[in-house]
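Only one structure is covered here, and it is reproduced in the block below.
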Amino acid sequence: MPAQDVASQRRWGRISEQRAGQLQRQVQAKEERIVELETENAVLHLRLAQYRGTSGKGAGAAAQLCSRCPEREPPRRSAALAAPQLWRRVQALKQDTEALRASSLEVFRACREHLQDGLSEVVAAVQRAPLCHEALLAWQSKAGRLERSLQEASARYELERQKRKLLHNRLVELKGNVRVHCRIRPLLPSDEEFDGQASRDSSAPAGVVHAVDDETVLVRWDRPAHRSIHKTYSFERVYGPAESQQVVFADVCPLLTSLLDGYNVCILAYGQTGCGKSYTMLGPLSKDERGDLGIVPRAAGELFRLISENPSRSLKVDVSIVEVYNDNILDLLANERRPAVSGPPWEVPMTKATKREVLPPTRAPVRSAEDFVALAAGSLRFRARRATRVHASSSRSHLVMTATVTAAPAGGSPEDGQSLGPQLQGRPAGGRASPGSPGAQRAGEQVHAKLQLVDLAGSECAGVSGVTGAALRETSFINRSLAALADVLGALAEHRDHIPYRNSQLTRVLQDVLGGDAKLLVILCVSPCRKHVAETLRVLGFGAQARHVQRGPAGGGGDATRKPRNQ
């Protein structure tokens with residue numbers, strides 16, 4: 001507002017100065033014209049005097065000639081005849097002189113009137129200037145009041161918005177701490193919609209998926225001769241194509257504080273093939289792009305930073321890394337030199353009714369974020385991958401990294417097997433890791449909490465990806481396990497008595513974070529391309545379903561039930 005008022009005041013000043021300068025130039029031109037006319041009048045007076053002098057001289061000369069030559073009558077008679085003509089010419093010159101004088105006087109009066117009018121306008125403008133200035137100051141004051149009112153309203157709005165978000169977050173925690181974020185990947189040169197402009201301007205509406213704001217996703221596609229698609233989805237956070245890895249991790253970071261408070265935490269990337277799940281979780285494949293680190297290395301750094309802030313708690317971190325490939329759980333740390341999809345499979349423990357004893361996966365201790373990242377990078381070499389039409393290096397398995405935080409008993413070492421000290425007493429128990437689950441504690445250790453970082457395999461349509469044979473079988477297992485995950489979330493959202501965790505090894509692995517009071521963050525990764533719109537709508541529908549999950553304390557083992565039931 002102040003800038004507009006100052007601009008308006010300057011504009012009025014420039015207009016007044018321009019008008020005054022114009023009037024001054026007109027007055028100066030009139031004065032110059034008057035001087036010219038006066039000069040011409042003086043010249044005409046001089047010419048008239050010269051004519052009169054010449055006439056007098058001619059008359060004198062004629063008289064002298066007549067006196068000298070009295071005998072010559074014919075010349076005297078001719079001079080007498082010429083005198084009236086000369087007199088008439090003199091009279092004509094007098095008339096011309098008078099007419100010139102009259103016209104000069106008329107021009108002078110007209111110039112004086114114009115000058116007076118111009119001076120009157122200048123005086124009026126000068127007299128109006130204070131009034132205009134006062135009006136300008138009044139409008140400026142009013143604009144300042146309106147701006148202050150707007151700032152106060154904006155501050156109140158932001159305060160109310162923050163209160164609403166805080167209340168919403170509390171409501172989410174009461175419903176089971178399930179958060180769903182959505183990330184839209186940018187267009188790539190391999191995409192049909194990519195035209196170069198989209199790579200320079202992320203806001204260019206080349207795709208069919210758009211981030212309306214930081215909480216709303218719009219899927220819009222006007223298809224000729226087909227029914228148009230126009231759907232909106234709301235999530236706790238929406239990331240546009242231009243938002244960086246750092247922005248994504250900023251919303252993940254508070255969950256690590258909850259981890260050290262004793263809650264299990266799971267960060268899960270879900271989406272179709274080639275939509276950026278592995279990039280979001282792990283970062284780029286190139287080691288040169290240090291600024292684009294994914295959630296896994298950033299979370300490792302933040303976890304050890306938080307642990308170092310309170311060394312008296314004696315927290316330790318063990319890491320296990322497994323993949324769920326074709327509904328088999330493979331331990332990627334069991335033997336680093338084995339083939340990609342080989343190795344000893346293991347199963348998640350079931351309820352006591354199953355009476356099955358199985359070994360947990362390999363747990364490797366890590367003492368720094370660098371150790372964590374190096375261990376993850378080494379295990380990723382054995383993850384199952386395959387080239388498809390959609391992605392040149394498509395992940396064919398669900399990757400689950402589990403960081404188990406253990407605490408030494410108060411006043412002793414982890415081998416003493418004593419109870420936790422007061423600093424760990426009273427922690428929520430519903431989100432704790434069960435002894436037989438992946439990452440279970442060793443003898444003498446107390447499991448404080450678990451962090452699970454999950455990079456799910458991408459859902460895909462066989463017709464789009466062009467897979468056949470073994471790859472088609474992998475696609476079938478991937479889609480079935482993702483459907484089982486959706487079934488579990490649907491059962492939790494509908495408060496069913498029976499939660500079908502046993503329908504897939506994936507849901508068995510994630511049972512601790514899907515049930516109980518653990519904190520679950522689902523990051524939906526979607527593609528903006530038209531050819532992927534069907535999978536995009538399915539992924540967004542999955543996220544909308546996950547938002548409605550309301551969880552209570554963790555249920556039983558493999559098949560969680562709200563009430564005891566016979567197996």
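As shown in the structure tokens, the chain order sets the letters A, B, ...; within each chain, residues go from 1, and ligands are also counted from 1 in the order they appear.
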> Which parts of range 448-507 of chain A does DSSP call helix (DSSP H, G or I) when run on the backbone here, written out as a ChimeraX atom specification?
Replying inline: /A:462-465,470-493,501-503,505-507
Which residues are near His398 in chain A? Cut-off 10 Å, only C-alpha atoms, ignore same chain within fewer than 6 positions. Put them as an mmCIF file with N, CA and C atoms, in the first residue's frame.
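Listed below is the output, result_15.cif:
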data_model
loop_
_atom_site.group_PDB
_atom_site.id
_atom_site.type_symbol
_atom_site.label_atom_id
_atom_site.label_comp_id
_atom_site.auth_asym_id
_atom_site.auth_seq_id
_atom_site.Cartn_x
_atom_site.Cartn_y
_atom_site.Cartn_z
ATOM 1 N N VAL A 322 16.492 -56.576 4.862
ATOM 2 C CA VAL A 322 15.907 -57.724 4.174
ATOM 3 C C VAL A 322 15.133 -57.221 2.954
ATOM 4 N N GLU A 323 14.855 -58.158 2.068
ATOM 5 C CA GLU A 323 13.995 -57.870 0.936
ATOM 6 C C GLU A 323 12.916 -58.949 0.850
ATOM 7 N N VAL A 324 11.727 -58.534 0.467
ATOM 8 C CA VAL A 324 10.622 -59.470 0.252
ATOM 9 C C VAL A 324 10.512 -59.665 -1.255
ATOM 10 N N TYR A 325 10.996 -60.818 -1.709
ATOM 11 C CA TYR A 325 11.050 -61.114 -3.143
ATOM 12 C C TYR A 325 10.190 -62.339 -3.420
ATOM 13 N N ASN A 326 9.185 -62.174 -4.269
ATOM 14 C CA ASN A 326 8.259 -63.266 -4.601
ATOM 15 C C ASN A 326 7.682 -63.905 -3.333
ATOM 16 N N ASP A 327 7.339 -63.057 -2.366
ATOM 17 C CA ASP A 327 6.744 -63.463 -1.086
ATOM 18 C C ASP A 327 7.691 -64.321 -0.252
ATOM 19 N N ILE A 329 11.207 -63.856 2.181
ATOM 20 C CA ILE A 329 12.011 -62.848 2.868
ATOM 21 C C ILE A 329 13.465 -63.289 2.821
ATOM 22 N N ARG A 383 20.118 -56.540 -4.150
ATOM 23 C CA ARG A 383 18.672 -56.404 -4.299
ATOM 24 C C ARG A 383 18.257 -56.801 -5.716
ATOM 25 N N ALA A 384 17.107 -57.464 -5.825
ATOM 26 C CA ALA A 384 16.625 -57.932 -7.130
ATOM 27 C C ALA A 384 16.185 -56.752 -7.978
ATOM 28 N N VAL A 454 11.310 -48.303 4.525
ATOM 29 C CA VAL A 454 10.793 -49.279 3.560
ATOM 30 C C VAL A 454 10.705 -48.644 2.181
ATOM 31 N N ASP A 455 11.364 -49.264 1.236
ATOM 32 C CA ASP A 455 11.258 -48.878 -0.179
ATOM 33 C C ASP A 455 10.505 -50.005 -0.884
ATOM 34 N N LEU A 456 9.207 -49.818 -1.062
ATOM 35 C CA LEU A 456 8.389 -50.861 -1.667
ATOM 36 C C LEU A 456 8.672 -50.987 -3.159
ATOM 37 N N ALA A 457 8.519 -52.175 -3.673
ATOM 38 C CA ALA A 457 8.574 -52.351 -5.129
ATOM 39 C C ALA A 457 7.382 -51.634 -5.761
ATOM 40 N N GLY A 458 7.572 -51.174 -6.966
ATOM 41 C CA GLY A 458 6.522 -50.389 -7.613
ATOM 42 C C GLY A 458 5.417 -51.249 -8.203
ATOM 43 N N ILE A 478 4.440 -58.848 -6.636
ATOM 44 C CA ILE A 478 4.491 -57.458 -6.150
ATOM 45 C C ILE A 478 3.082 -56.907 -5.987
ATOM 46 N N SER A 481 1.205 -58.547 -3.036
ATOM 47 C CA SER A 481 1.643 -58.102 -1.706
ATOM 48 C C SER A 481 1.164 -56.683 -1.423
ATOM 49 N N LEU A 482 1.158 -55.831 -2.442
ATOM 50 C CA LEU A 482 0.635 -54.480 -2.242
ATOM 51 C C LEU A 482 -0.867 -54.501 -2.007
ATOM 52 N N LEU A 506 4.970 -59.406 3.376
ATOM 53 C CA LEU A 506 5.199 -57.974 3.545
ATOM 54 C C LEU A 506 4.421 -57.445 4.750
#
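If only C-alpha atoms are the atoms counted, then among A:Gly271, A:Gly469, A:Pro500, A:Pro361 the closest residue to Leu537 in chain A is A:Gly271.
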>> Just to confirm, what's the straight-line distance from CA of Cys182 in chain A to CA of Phe304 in chain A in Å (one decimal)?
In response: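 Calculated distance between CA of Cys182 in chain A and CA of Phe304 in chain A is 27.1 Å.
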Write out as a PDB file with N, CA, C and O atoms, in the first residue's frame which residues come within 10 Å of Ile229 in chain A when counting only C-alpha atoms, dropping same-chain ones fewer than 2 positions away.
ATOM      1  N   VAL A 208      -0.551 -34.496 -15.881  1.00  0.00           N
ATOM      2  CA  VAL A 208      -1.958 -34.556 -15.476  1.00  0.00           C
ATOM      3  C   VAL A 208      -2.114 -34.510 -13.966  1.00  0.00           C
ATOM      4  O   VAL A 208      -3.227 -34.445 -13.465  1.00  0.00           O
ATOM      5  N   LEU A 218      -4.275 -32.543  -7.423  1.00  0.00           N
ATOM      6  CA  LEU A 218      -5.312 -32.526  -8.447  1.00  0.00           C
ATOM      7  C   LEU A 218      -4.872 -33.405  -9.611  1.00  0.00           C
ATOM      8  O   LEU A 218      -3.764 -33.259 -10.128  1.00  0.00           O
ATOM      9  N   VAL A 219      -5.753 -34.323 -10.002  1.00  0.00           N
ATOM     10  CA  VAL A 219      -5.529 -35.143 -11.203  1.00  0.00           C
ATOM     11  C   VAL A 219      -6.555 -34.687 -12.230  1.00  0.00           C
ATOM     12  O   VAL A 219      -7.761 -34.882 -12.051  1.00  0.00           O
ATOM     13  N   ARG A 220      -6.062 -34.074 -13.301  1.00  0.00           N
ATOM     14  CA  ARG A 220      -6.963 -33.515 -14.310  1.00  0.00           C
ATOM     15  C   ARG A 220      -6.447 -33.886 -15.691  1.00  0.00           C
ATOM     16  O   ARG A 220      -5.300 -33.655 -16.037  1.00  0.00           O
ATOM     17  N   TRP A 221      -7.358 -34.477 -16.472  1.00  0.00           N
ATOM     18  CA  TRP A 221      -7.010 -34.867 -17.849  1.00  0.00           C
ATOM     19  C   TRP A 221      -8.281 -34.783 -18.683  1.00  0.00           C
ATOM     20  O   TRP A 221      -9.210 -35.552 -18.507  1.00  0.00           O
ATOM     21  N   ASP A 222      -8.292 -33.819 -19.580  1.00  0.00           N
ATOM     22  CA  ASP A 222      -9.417 -33.658 -20.507  1.00  0.00           C
ATOM     23  C   ASP A 222      -9.122 -34.479 -21.759  1.00  0.00           C
ATOM     24  O   ASP A 222      -8.337 -34.075 -22.627  1.00  0.00           O
ATOM     25  N   ARG A 223      -9.732 -35.629 -21.841  1.00  0.00           N
ATOM     26  CA  ARG A 223      -9.446 -36.566 -22.931  1.00  0.00           C
ATOM     27  C   ARG A 223     -10.505 -36.444 -24.023  1.00  0.00           C
ATOM     28  O   ARG A 223     -11.704 -36.612 -23.743  1.00  0.00           O
ATOM     29  N   HIS A 226     -13.354 -39.146 -24.660  1.00  0.00           N
ATOM     30  CA  HIS A 226     -13.391 -39.971 -23.459  1.00  0.00           C
ATOM     31  C   HIS A 226     -13.868 -39.125 -22.288  1.00  0.00           C
ATOM     32  O   HIS A 226     -13.859 -37.885 -22.351  1.00  0.00           O
ATOM     33  N   ARG A 227     -14.242 -39.794 -21.244  1.00  0.00           N
ATOM     34  CA  ARG A 227     -14.677 -39.085 -20.049  1.00  0.00           C
ATOM     35  C   ARG A 227     -13.490 -38.402 -19.385  1.00  0.00           C
ATOM     36  O   ARG A 227     -12.443 -39.018 -19.172  1.00  0.00           O
ATOM     37  N   LYS A 231     -10.106 -35.137 -10.361  1.00  0.00           N
ATOM     38  CA  LYS A 231     -10.228 -35.604  -8.985  1.00  0.00           C
ATOM     39  C   LYS A 231      -9.200 -34.895  -8.122  1.00  0.00           C
ATOM     40  O   LYS A 231      -8.087 -34.612  -8.564  1.00  0.00           O
ATOM     41  N   THR A 232      -9.594 -34.627  -6.883  1.00  0.00           N
ATOM     42  CA  THR A 232      -8.690 -34.016  -5.918  1.00  0.00           C
ATOM     43  C   THR A 232      -8.552 -34.943  -4.709  1.00  0.00           C
ATOM     44  O   THR A 232      -9.494 -35.634  -4.326  1.00  0.00           O
ATOM     45  N   VAL A 533      -1.734 -42.651 -15.584  1.00  0.00           N
ATOM     46  CA  VAL A 533      -2.796 -42.054 -14.776  1.00  0.00           C
ATOM     47  C   VAL A 533      -3.598 -43.117 -14.031  1.00  0.00           C
ATOM     48  O   VAL A 533      -4.066 -42.877 -12.900  1.00  0.00           O
ATOM     49  N   LEU A 537      -4.006 -42.936  -9.996  1.00  0.00           N
ATOM     50  CA  LEU A 537      -5.274 -42.885  -9.270  1.00  0.00           C
ATOM     51  C   LEU A 537      -5.348 -44.008  -8.236  1.00  0.00           C
ATOM     52  O   LEU A 537      -5.877 -43.813  -7.121  1.00  0.00           O
TER      53      LEU A 537
END
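Going from CA of Gly294 in chain A over to CA of Ser379 in chain A, you cover 16.3 Å.
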